[in-house]
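Participant: File follows, entry06.txt with compact mmCIF, N, CA and C atoms:
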```
# COMPACT_ATOMS: atom_id res chain seq x y z
N MET A 267 -14.56 12.14 13.34
CA MET A 267 -14.97 12.78 12.12
C MET A 267 -16.44 13.16 12.18
N LYS A 268 -16.76 14.21 11.50
CA LYS A 268 -18.14 14.66 11.47
C LYS A 268 -18.86 14.04 10.28
N ILE A 269 -20.14 13.78 10.48
CA ILE A 269 -20.97 13.32 9.36
C ILE A 269 -21.29 14.56 8.53
N SER A 270 -21.32 14.38 7.23
CA SER A 270 -21.54 15.51 6.33
C SER A 270 -22.86 16.20 6.65
N LYS A 271 -23.01 17.41 6.14
CA LYS A 271 -24.20 18.21 6.42
C LYS A 271 -25.48 17.54 5.94
N SER A 272 -25.37 16.68 4.94
CA SER A 272 -26.55 16.00 4.42
C SER A 272 -27.00 14.87 5.34
N GLY A 273 -26.19 14.56 6.35
CA GLY A 273 -26.53 13.48 7.26
C GLY A 273 -26.01 12.13 6.80
N LYS A 274 -25.42 12.08 5.62
CA LYS A 274 -24.85 10.84 5.10
C LYS A 274 -23.39 10.74 5.50
N LYS A 275 -22.93 9.53 5.62
CA LYS A 275 -21.52 9.32 5.94
C LYS A 275 -20.66 9.66 4.72
N THR A 276 -19.50 10.20 5.02
CA THR A 276 -18.54 10.47 3.95
C THR A 276 -17.84 9.15 3.60
N PRO A 277 -17.19 9.08 2.45
CA PRO A 277 -16.44 7.85 2.12
C PRO A 277 -15.42 7.49 3.20
N TRP A 278 -14.82 8.48 3.83
CA TRP A 278 -13.83 8.21 4.88
C TRP A 278 -14.47 7.56 6.09
N GLU A 279 -15.66 8.04 6.45
CA GLU A 279 -16.38 7.46 7.59
C GLU A 279 -16.83 6.03 7.28
N ILE A 280 -17.25 5.81 6.05
CA ILE A 280 -17.64 4.47 5.63
C ILE A 280 -16.45 3.53 5.75
N LEU A 281 -15.30 3.99 5.26
CA LEU A 281 -14.09 3.15 5.29
C LEU A 281 -13.71 2.78 6.73
N GLU A 282 -13.89 3.71 7.66
CA GLU A 282 -13.58 3.43 9.07
C GLU A 282 -14.43 2.30 9.63
N ASP A 283 -15.64 2.12 9.09
CA ASP A 283 -16.53 1.06 9.56
C ASP A 283 -16.07 -0.34 9.13
N TYR A 284 -15.18 -0.40 8.16
CA TYR A 284 -14.73 -1.67 7.60
C TYR A 284 -13.21 -1.74 7.64
N PRO A 285 -12.65 -2.08 8.81
CA PRO A 285 -11.19 -2.12 8.95
C PRO A 285 -10.57 -3.21 8.09
N PRO A 286 -9.27 -3.11 7.83
CA PRO A 286 -8.60 -4.08 6.97
C PRO A 286 -8.82 -5.53 7.39
N ALA A 287 -8.79 -5.82 8.68
CA ALA A 287 -8.97 -7.20 9.13
C ALA A 287 -10.35 -7.73 8.74
N LEU A 288 -11.38 -6.91 8.89
CA LEU A 288 -12.73 -7.34 8.50
C LEU A 288 -12.81 -7.52 6.99
N VAL A 289 -12.24 -6.59 6.23
CA VAL A 289 -12.25 -6.71 4.77
C VAL A 289 -11.60 -8.03 4.35
N ARG A 290 -10.49 -8.38 5.03
CA ARG A 290 -9.79 -9.63 4.69
C ARG A 290 -10.67 -10.84 4.98
N LEU A 291 -11.40 -10.82 6.08
CA LEU A 291 -12.30 -11.93 6.40
C LEU A 291 -13.44 -12.06 5.40
N LEU A 292 -13.80 -10.96 4.78
CA LEU A 292 -14.88 -10.96 3.79
C LEU A 292 -14.41 -11.39 2.40
N ALA A 293 -13.11 -11.55 2.21
CA ALA A 293 -12.56 -11.92 0.90
C ALA A 293 -12.98 -13.34 0.54
N ARG A 294 -13.74 -13.43 -0.51
CA ARG A 294 -14.22 -14.74 -0.94
C ARG A 294 -14.50 -14.73 -2.42
N LYS A 295 -14.50 -15.92 -2.99
CA LYS A 295 -14.88 -16.09 -4.39
C LYS A 295 -16.24 -16.76 -4.39
N GLN A 296 -17.14 -16.21 -5.19
CA GLN A 296 -18.48 -16.77 -5.27
C GLN A 296 -18.61 -17.52 -6.59
N PHE A 297 -18.95 -18.79 -6.50
CA PHE A 297 -19.09 -19.63 -7.68
C PHE A 297 -20.55 -19.77 -8.09
N SER A 298 -21.44 -19.66 -7.15
CA SER A 298 -22.88 -19.67 -7.38
C SER A 298 -23.50 -18.97 -6.18
N PRO A 299 -24.80 -18.69 -6.22
CA PRO A 299 -25.39 -18.00 -5.07
C PRO A 299 -25.18 -18.71 -3.73
N LYS A 300 -25.04 -20.03 -3.76
CA LYS A 300 -24.89 -20.76 -2.50
C LYS A 300 -23.52 -21.36 -2.31
N HIS A 301 -22.61 -21.12 -3.22
CA HIS A 301 -21.27 -21.73 -3.10
C HIS A 301 -20.20 -20.64 -3.14
N VAL A 302 -19.57 -20.42 -1.98
CA VAL A 302 -18.47 -19.46 -1.88
C VAL A 302 -17.27 -20.15 -1.26
N ARG A 303 -16.10 -19.58 -1.52
CA ARG A 303 -14.87 -20.11 -0.96
C ARG A 303 -14.01 -18.95 -0.50
N ALA A 304 -13.40 -19.11 0.67
CA ALA A 304 -12.50 -18.07 1.19
C ALA A 304 -11.30 -17.96 0.27
N MET A 305 -10.82 -16.75 0.12
CA MET A 305 -9.64 -16.50 -0.70
C MET A 305 -8.38 -16.61 0.15
N SER A 306 -7.34 -17.18 -0.42
CA SER A 306 -6.06 -17.27 0.26
C SER A 306 -5.34 -15.93 0.17
N ASP A 307 -4.32 -15.75 0.99
CA ASP A 307 -3.51 -14.53 0.90
C ASP A 307 -2.91 -14.39 -0.49
N GLN A 308 -2.53 -15.51 -1.09
CA GLN A 308 -1.94 -15.47 -2.43
C GLN A 308 -2.95 -14.96 -3.46
N GLU A 309 -4.20 -15.40 -3.36
CA GLU A 309 -5.23 -14.94 -4.30
C GLU A 309 -5.51 -13.45 -4.11
N VAL A 310 -5.56 -13.02 -2.86
CA VAL A 310 -5.77 -11.59 -2.59
C VAL A 310 -4.60 -10.79 -3.15
N ALA A 311 -3.39 -11.29 -2.94
CA ALA A 311 -2.19 -10.59 -3.42
C ALA A 311 -2.20 -10.44 -4.93
N VAL A 312 -2.60 -11.48 -5.64
CA VAL A 312 -2.67 -11.42 -7.10
C VAL A 312 -3.70 -10.37 -7.53
N GLY A 313 -4.89 -10.41 -6.91
CA GLY A 313 -5.93 -9.45 -7.26
C GLY A 313 -5.57 -8.02 -6.89
N ALA A 314 -4.81 -7.87 -5.82
CA ALA A 314 -4.42 -6.54 -5.35
C ALA A 314 -3.13 -6.03 -5.99
N GLU A 315 -2.42 -6.95 -6.63
CA GLU A 315 -1.10 -6.64 -7.18
C GLU A 315 -0.17 -6.12 -6.08
N LEU A 316 -0.21 -6.83 -4.94
CA LEU A 316 0.64 -6.53 -3.79
C LEU A 316 1.39 -7.80 -3.41
N PRO A 317 2.55 -7.67 -2.76
CA PRO A 317 3.25 -8.86 -2.29
C PRO A 317 2.42 -9.59 -1.22
N VAL A 318 2.56 -10.90 -1.17
CA VAL A 318 1.81 -11.71 -0.20
C VAL A 318 2.11 -11.25 1.23
N ALA A 319 3.36 -10.93 1.52
CA ALA A 319 3.72 -10.48 2.87
C ALA A 319 2.99 -9.19 3.23
N GLU A 320 2.80 -8.32 2.27
CA GLU A 320 2.09 -7.07 2.55
C GLU A 320 0.60 -7.33 2.79
N VAL A 321 0.02 -8.25 2.02
CA VAL A 321 -1.37 -8.62 2.24
C VAL A 321 -1.54 -9.19 3.65
N ALA A 322 -0.63 -10.05 4.07
CA ALA A 322 -0.69 -10.62 5.42
C ALA A 322 -0.58 -9.54 6.48
N LYS A 323 0.28 -8.56 6.26
CA LYS A 323 0.46 -7.47 7.22
C LYS A 323 -0.80 -6.60 7.30
N ILE A 324 -1.32 -6.21 6.15
CA ILE A 324 -2.52 -5.37 6.12
C ILE A 324 -3.70 -6.10 6.75
N SER A 325 -3.78 -7.40 6.51
CA SER A 325 -4.89 -8.22 7.02
C SER A 325 -4.99 -8.20 8.53
N ARG A 326 -3.91 -7.89 9.21
CA ARG A 326 -3.90 -7.90 10.67
C ARG A 326 -4.04 -6.49 11.27
N MET A 327 -4.29 -5.52 10.41
CA MET A 327 -4.46 -4.14 10.88
C MET A 327 -5.91 -3.90 11.28
N THR A 328 -6.11 -3.07 12.29
CA THR A 328 -7.46 -2.78 12.77
C THR A 328 -7.97 -1.41 12.33
N ASN A 329 -7.17 -0.69 11.59
CA ASN A 329 -7.62 0.59 11.01
C ASN A 329 -6.77 0.90 9.78
N TRP A 330 -7.21 1.89 9.04
CA TRP A 330 -6.55 2.25 7.78
C TRP A 330 -5.53 3.38 7.99
N ASP A 331 -5.31 3.79 9.22
CA ASP A 331 -4.41 4.90 9.50
C ASP A 331 -3.03 4.64 8.87
N ASN A 332 -2.44 5.67 8.34
CA ASN A 332 -1.09 5.64 7.76
C ASN A 332 -0.96 4.78 6.51
N MET A 333 -2.08 4.43 5.89
CA MET A 333 -2.02 3.68 4.63
C MET A 333 -2.32 4.62 3.48
N LEU A 334 -1.61 4.42 2.39
CA LEU A 334 -1.85 5.21 1.19
C LEU A 334 -3.17 4.79 0.54
N ILE A 335 -3.85 5.75 -0.05
CA ILE A 335 -5.14 5.48 -0.68
C ILE A 335 -5.01 4.39 -1.74
N GLY A 336 -3.94 4.41 -2.50
CA GLY A 336 -3.75 3.40 -3.54
C GLY A 336 -3.65 2.00 -2.97
N LYS A 337 -3.01 1.85 -1.83
CA LYS A 337 -2.90 0.52 -1.20
C LYS A 337 -4.23 0.09 -0.60
N ILE A 338 -4.96 1.03 -0.05
CA ILE A 338 -6.29 0.71 0.48
C ILE A 338 -7.17 0.19 -0.65
N ARG A 339 -7.17 0.90 -1.74
CA ARG A 339 -7.99 0.51 -2.89
C ARG A 339 -7.55 -0.85 -3.43
N ALA A 340 -6.25 -1.05 -3.59
CA ALA A 340 -5.74 -2.31 -4.12
C ALA A 340 -6.13 -3.48 -3.20
N PHE A 341 -5.96 -3.29 -1.90
CA PHE A 341 -6.29 -4.36 -0.94
C PHE A 341 -7.78 -4.69 -1.01
N CYS A 342 -8.62 -3.67 -1.02
CA CYS A 342 -10.07 -3.91 -1.11
C CYS A 342 -10.43 -4.62 -2.40
N GLU A 343 -9.84 -4.20 -3.51
CA GLU A 343 -10.10 -4.85 -4.78
C GLU A 343 -9.63 -6.31 -4.76
N GLY A 344 -8.48 -6.55 -4.17
CA GLY A 344 -7.97 -7.91 -4.06
C GLY A 344 -8.89 -8.80 -3.24
N CYS A 345 -9.57 -8.20 -2.27
CA CYS A 345 -10.50 -8.94 -1.41
C CYS A 345 -11.91 -9.01 -2.00
N ASN A 346 -12.10 -8.46 -3.17
CA ASN A 346 -13.43 -8.40 -3.80
C ASN A 346 -14.44 -7.69 -2.91
N PHE A 347 -13.99 -6.61 -2.29
CA PHE A 347 -14.87 -5.84 -1.41
C PHE A 347 -14.74 -4.37 -1.76
N ASP A 348 -15.87 -3.74 -2.04
CA ASP A 348 -15.90 -2.31 -2.34
C ASP A 348 -16.65 -1.62 -1.21
N PRO A 349 -15.95 -0.89 -0.34
CA PRO A 349 -16.63 -0.26 0.80
C PRO A 349 -17.67 0.79 0.37
N LEU A 350 -17.61 1.25 -0.85
CA LEU A 350 -18.58 2.24 -1.31
C LEU A 350 -19.77 1.59 -2.03
N ASN A 351 -19.76 0.27 -2.14
CA ASN A 351 -20.85 -0.45 -2.79
C ASN A 351 -21.82 -0.93 -1.70
N CYS A 352 -23.08 -0.53 -1.82
CA CYS A 352 -24.05 -0.86 -0.77
C CYS A 352 -24.26 -2.37 -0.63
N TYR A 353 -24.14 -3.13 -1.69
CA TYR A 353 -24.32 -4.58 -1.59
C TYR A 353 -23.19 -5.21 -0.78
N ASP A 354 -21.97 -4.77 -1.01
CA ASP A 354 -20.84 -5.28 -0.23
C ASP A 354 -20.97 -4.87 1.23
N ARG A 355 -21.38 -3.64 1.49
CA ARG A 355 -21.55 -3.19 2.87
C ARG A 355 -22.66 -3.96 3.57
N ASN A 356 -23.77 -4.23 2.86
CA ASN A 356 -24.86 -4.99 3.46
C ASN A 356 -24.41 -6.40 3.81
N ARG A 357 -23.60 -7.01 2.96
CA ARG A 357 -23.07 -8.35 3.23
C ARG A 357 -22.19 -8.31 4.48
N ALA A 358 -21.36 -7.28 4.58
CA ALA A 358 -20.49 -7.14 5.76
C ALA A 358 -21.31 -6.92 7.02
N ARG A 359 -22.33 -6.09 6.93
CA ARG A 359 -23.17 -5.82 8.11
C ARG A 359 -23.93 -7.07 8.55
N ALA A 360 -24.31 -7.91 7.60
CA ALA A 360 -25.01 -9.15 7.95
C ALA A 360 -24.12 -10.03 8.82
N TYR A 361 -22.82 -10.03 8.55
CA TYR A 361 -21.90 -10.81 9.37
C TYR A 361 -21.66 -10.18 10.73
N THR A 362 -21.59 -8.87 10.78
CA THR A 362 -21.24 -8.21 12.03
C THR A 362 -22.45 -7.97 12.93
N ARG A 363 -23.67 -8.00 12.37
CA ARG A 363 -24.88 -7.79 13.19
C ARG A 363 -25.05 -8.88 14.23
N SER A 364 -24.98 -10.09 13.79
CA SER A 364 -25.07 -11.21 14.72
C SER A 364 -23.65 -11.70 14.96
N SER A 365 -23.51 -12.70 15.79
CA SER A 365 -22.14 -13.20 15.96
C SER A 365 -21.77 -13.93 14.68
N ALA A 366 -20.77 -13.43 14.03
CA ALA A 366 -20.38 -13.93 12.72
C ALA A 366 -19.96 -15.40 12.79
N LYS A 367 -20.48 -16.18 11.88
CA LYS A 367 -20.15 -17.62 11.83
C LYS A 367 -18.97 -17.85 10.87
N PHE A 368 -18.94 -17.13 9.76
CA PHE A 368 -17.88 -17.28 8.77
C PHE A 368 -17.63 -18.75 8.43
N SER A 369 -18.71 -19.48 8.16
CA SER A 369 -18.57 -20.91 7.90
C SER A 369 -17.67 -21.19 6.71
N TYR A 370 -17.68 -20.33 5.70
CA TYR A 370 -16.80 -20.56 4.54
C TYR A 370 -15.33 -20.42 4.93
N LEU A 371 -15.03 -19.66 5.98
CA LEU A 371 -13.65 -19.56 6.45
C LEU A 371 -13.23 -20.83 7.19
N LYS A 372 -14.15 -21.37 7.96
CA LYS A 372 -13.85 -22.58 8.74
C LYS A 372 -13.58 -23.78 7.83
N GLN A 373 -14.15 -23.77 6.65
CA GLN A 373 -13.95 -24.86 5.70
C GLN A 373 -12.61 -24.74 4.97
N SER A 374 -11.98 -23.60 5.10
CA SER A 374 -10.71 -23.35 4.41
C SER A 374 -9.56 -24.05 5.13
N GLY A 375 -8.57 -24.45 4.36
CA GLY A 375 -7.36 -25.02 4.94
C GLY A 375 -6.53 -23.98 5.68
N HIS A 376 -6.90 -22.71 5.56
CA HIS A 376 -6.17 -21.61 6.19
C HIS A 376 -6.84 -21.12 7.47
N TRP A 377 -7.84 -21.85 7.96
CA TRP A 377 -8.60 -21.41 9.14
C TRP A 377 -7.69 -21.14 10.34
N ASP A 378 -6.89 -22.13 10.72
CA ASP A 378 -6.06 -21.99 11.93
C ASP A 378 -4.91 -21.01 11.76
N THR A 379 -4.33 -20.95 10.57
CA THR A 379 -3.13 -20.13 10.37
C THR A 379 -3.42 -18.71 9.95
N THR A 380 -4.54 -18.48 9.27
CA THR A 380 -4.83 -17.14 8.75
C THR A 380 -6.07 -16.52 9.38
N PHE A 381 -7.21 -17.19 9.27
CA PHE A 381 -8.47 -16.55 9.61
C PHE A 381 -8.76 -16.46 11.10
N LEU A 382 -8.52 -17.51 11.85
CA LEU A 382 -8.77 -17.46 13.29
C LEU A 382 -7.93 -16.39 13.98
N PRO A 383 -6.63 -16.25 13.65
CA PRO A 383 -5.86 -15.16 14.25
C PRO A 383 -6.41 -13.77 13.92
N ILE A 384 -6.92 -13.59 12.70
CA ILE A 384 -7.48 -12.29 12.32
C ILE A 384 -8.76 -12.02 13.12
N ILE A 385 -9.58 -13.03 13.29
CA ILE A 385 -10.81 -12.87 14.09
C ILE A 385 -10.45 -12.46 15.52
N LYS A 386 -9.43 -13.08 16.09
CA LYS A 386 -9.01 -12.74 17.45
C LYS A 386 -8.50 -11.30 17.53
N ILE A 387 -7.78 -10.87 16.50
CA ILE A 387 -7.30 -9.48 16.45
C ILE A 387 -8.48 -8.52 16.46
N LEU A 388 -9.50 -8.79 15.66
CA LEU A 388 -10.69 -7.93 15.60
C LEU A 388 -11.42 -7.94 16.94
N GLU A 389 -11.58 -9.10 17.55
CA GLU A 389 -12.26 -9.17 18.84
C GLU A 389 -11.51 -8.38 19.90
N ASN A 390 -10.19 -8.48 19.92
CA ASN A 390 -9.39 -7.72 20.89
C ASN A 390 -9.49 -6.23 20.64
N ALA A 391 -9.56 -5.83 19.39
CA ALA A 391 -9.68 -4.40 19.06
C ALA A 391 -11.02 -3.84 19.53
N LYS A 392 -12.06 -4.65 19.46
CA LYS A 392 -13.38 -4.20 19.91
C LYS A 392 -13.43 -4.01 21.42
N LYS A 393 -12.65 -4.82 22.13
CA LYS A 393 -12.64 -4.75 23.61
C LYS A 393 -11.93 -3.50 24.10
N SER A 394 -10.95 -3.03 23.33
CA SER A 394 -10.17 -1.87 23.80
C SER A 394 -10.72 -0.55 23.33
```
Give the structure from the file, written as structure tokens.

Facilitator:
Amino acid sequence: MKISKSGKKTPWEILEDYPPALVRLLARKQFSPKHVRAMSDQEVAVGAELPVAEVAKISRMTNWDNMLIGKIRAFCEGCNFDPLNCYDRNRARAYTRSSAKFSYLKQSGHWDTTFLPIIKILENAKKS
């Protein structure tokens, strides 16, 4: 895709920078500035108004290709991530700039079954 004539990224280009798997890893609830908790697939599903199985499927995708705009929006909203919001993008870039620690994910009971497999999917996608 081409960058717009103004030199700014289009919303589509921005969305490409934040694949579904990364958005899912960023899904968290913030209770205070220093206290966050990873969201479960069930919590994302409730916020997105999507079935849990669909949230799990989308969470393992490495791009938004062939997804309807409404589902993209619902999934992002369920994950509390707005790709068009500069604060959300800055938070995502902070994780991807250095080797992401995702300590709040490691503290979750879903680390081995949900989050670690998604991280491996993203790492494999970067290699190819």

Participant: Out of A:Asn351, A:Thr380, A:Ser394, A:Asn346, which residue has the shortest atom-to-atom distance to Asp307 in chain A when counting only N, CA and C atoms?

Facilitator: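 Nearest candidate to Asp307 in chain A out of A:Asn351, A:Thr380, A:Ser394, A:Asn346: A:Thr380.
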
Participant: Which residues, written as a PDB file with N, CA and C atoms, in the coordinates of the input, have at least one atom at most 10 Å from Lys392 in chain A, with only C-alpha atoms counted and residues fewer than 5 positions away on the same chain left out?

Facilitator:
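File produced: part-v1.pdb:
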```
ATOM      1  N   THR A 328      -6.110  -3.070  12.290  1.00  0.00           N
ATOM      2  CA  THR A 328      -7.460  -2.780  12.770  1.00  0.00           C
ATOM      3  C   THR A 328      -7.970  -1.410  12.330  1.00  0.00           C
ATOM      4  N   LYS A 386      -9.430 -13.080  16.090  1.00  0.00           N
ATOM      5  CA  LYS A 386      -9.010 -12.740  17.450  1.00  0.00           C
ATOM      6  C   LYS A 386      -8.500 -11.300  17.530  1.00  0.00           C
ATOM      7  N   ILE A 387      -7.780 -10.870  16.500  1.00  0.00           N
ATOM      8  CA  ILE A 387      -7.300  -9.480  16.450  1.00  0.00           C
ATOM      9  C   ILE A 387      -8.480  -8.520  16.460  1.00  0.00           C
TER      10      ILE A 387
END
```

Participant: Write down as a ChimeraX atom specification the residues belonging to chain A that are assigned strand (DSSP E or B) by DSSP computed on the backbone.

Facilitator: /A:294-298,301-304

Participant: Check the smallest atom-to-atom distance from each of A:Glu343, A:Glu309, A:Asp331, A:Glu320 to Glu282 in chain A using only C-alpha atoms, then report the winner.

Facilitator: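 Of A:Glu343, A:Glu309, A:Asp331, A:Glu320, the one nearest Glu282 in chain A is A:Asp331, counting only C-alpha atoms.
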
Participant: Atom N of Ala340 in chain A and atom C of Ala314 in chain A are how many Å apart?

Facilitator: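 These two atoms are separated by 6.3 Å.
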
Participant: Residues at most 6.5 Å from range 296-304 of chain A, counting all atoms listed in the file, excluding those fewer than 4 positions away in the same chain, as a tab-separated table (two decimals) with N, CA and C atoms, in the frame of the given file?

Facilitator:
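Contents of part-v3.tsv, as written:
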```tsv
chain	number	residue	atom	x	y	z
A	370	TYR	N	-17.68	-20.33	5.70
A	370	TYR	CA	-16.80	-20.56	4.54
A	370	TYR	C	-15.33	-20.42	4.93
A	371	LEU	N	-15.03	-19.66	5.98
A	371	LEU	CA	-13.65	-19.56	6.45
A	371	LEU	C	-13.23	-20.83	7.19
A	374	SER	N	-11.98	-23.60	5.10
A	374	SER	CA	-10.71	-23.35	4.41
A	374	SER	C	-9.56	-24.05	5.13
```

Participant: As an exercise, work out the distance from CA of Lys275 in chain A to CA of Trp330 in chain A in Å and give it to one decimal place.

Facilitator: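 About the pair CA of Lys275 in chain A and CA of Trp330 in chain A: they are 16.7 Å apart.
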
Participant: Would you please work out which residue, of A:Ala293, A:Leu281, A:Ala311, A:Ala287, is nearest to Leu388 in chain A when using all atoms listed in the file?

Facilitator: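 Smallest distance to Leu388 in chain A is found for A:Ala287.
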
Participant: Counting all atoms listed in the file, which of A:Arg359, A:Lys393, A:Lys295, A:Arg290 gets nearest to Phe381 in chain A?

Facilitator: A:Arg290

Participant: Considering only C-alpha atoms, can you say which of A:Gly273, A:Val289, A:Ala319, A:Ile280 comes closest to Ala358 in chain A?

Facilitator: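 Going through A:Gly273, A:Val289, A:Ala319, A:Ile280 one by one, the smallest distance to Ala358 in chain A is for A:Val289.
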
Participant: Smallest atom-to-atom distance to Leu382 in chain A: which of A:Thr276, A:Ser369, A:Asn329, A:Gln308, using only C-alpha atoms?

Facilitator: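 Closest to Leu382 in chain A, using only C-alpha atoms: A:Ser369.
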
Participant: Report, as AutoDock Vina command-line options, the centre and edge lengths in Å (one decimal) of the axis-aligned box enclosing every listed atom of range 290-300 of chain A, padded by 5 Å on each side.

Facilitator:
```
--center_x -17.6 --center_y -14.9 --center_z -0.8 --size_x 25.6 --size_y 23.0 --size_z 24.5
```

Participant: Just give me the gap between atom N of Asn390 in chain A and CA of Lys367 in chain A in Å, one decimal is fine.

Facilitator: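 Distance reported for this atom pair: 15.8 Å.
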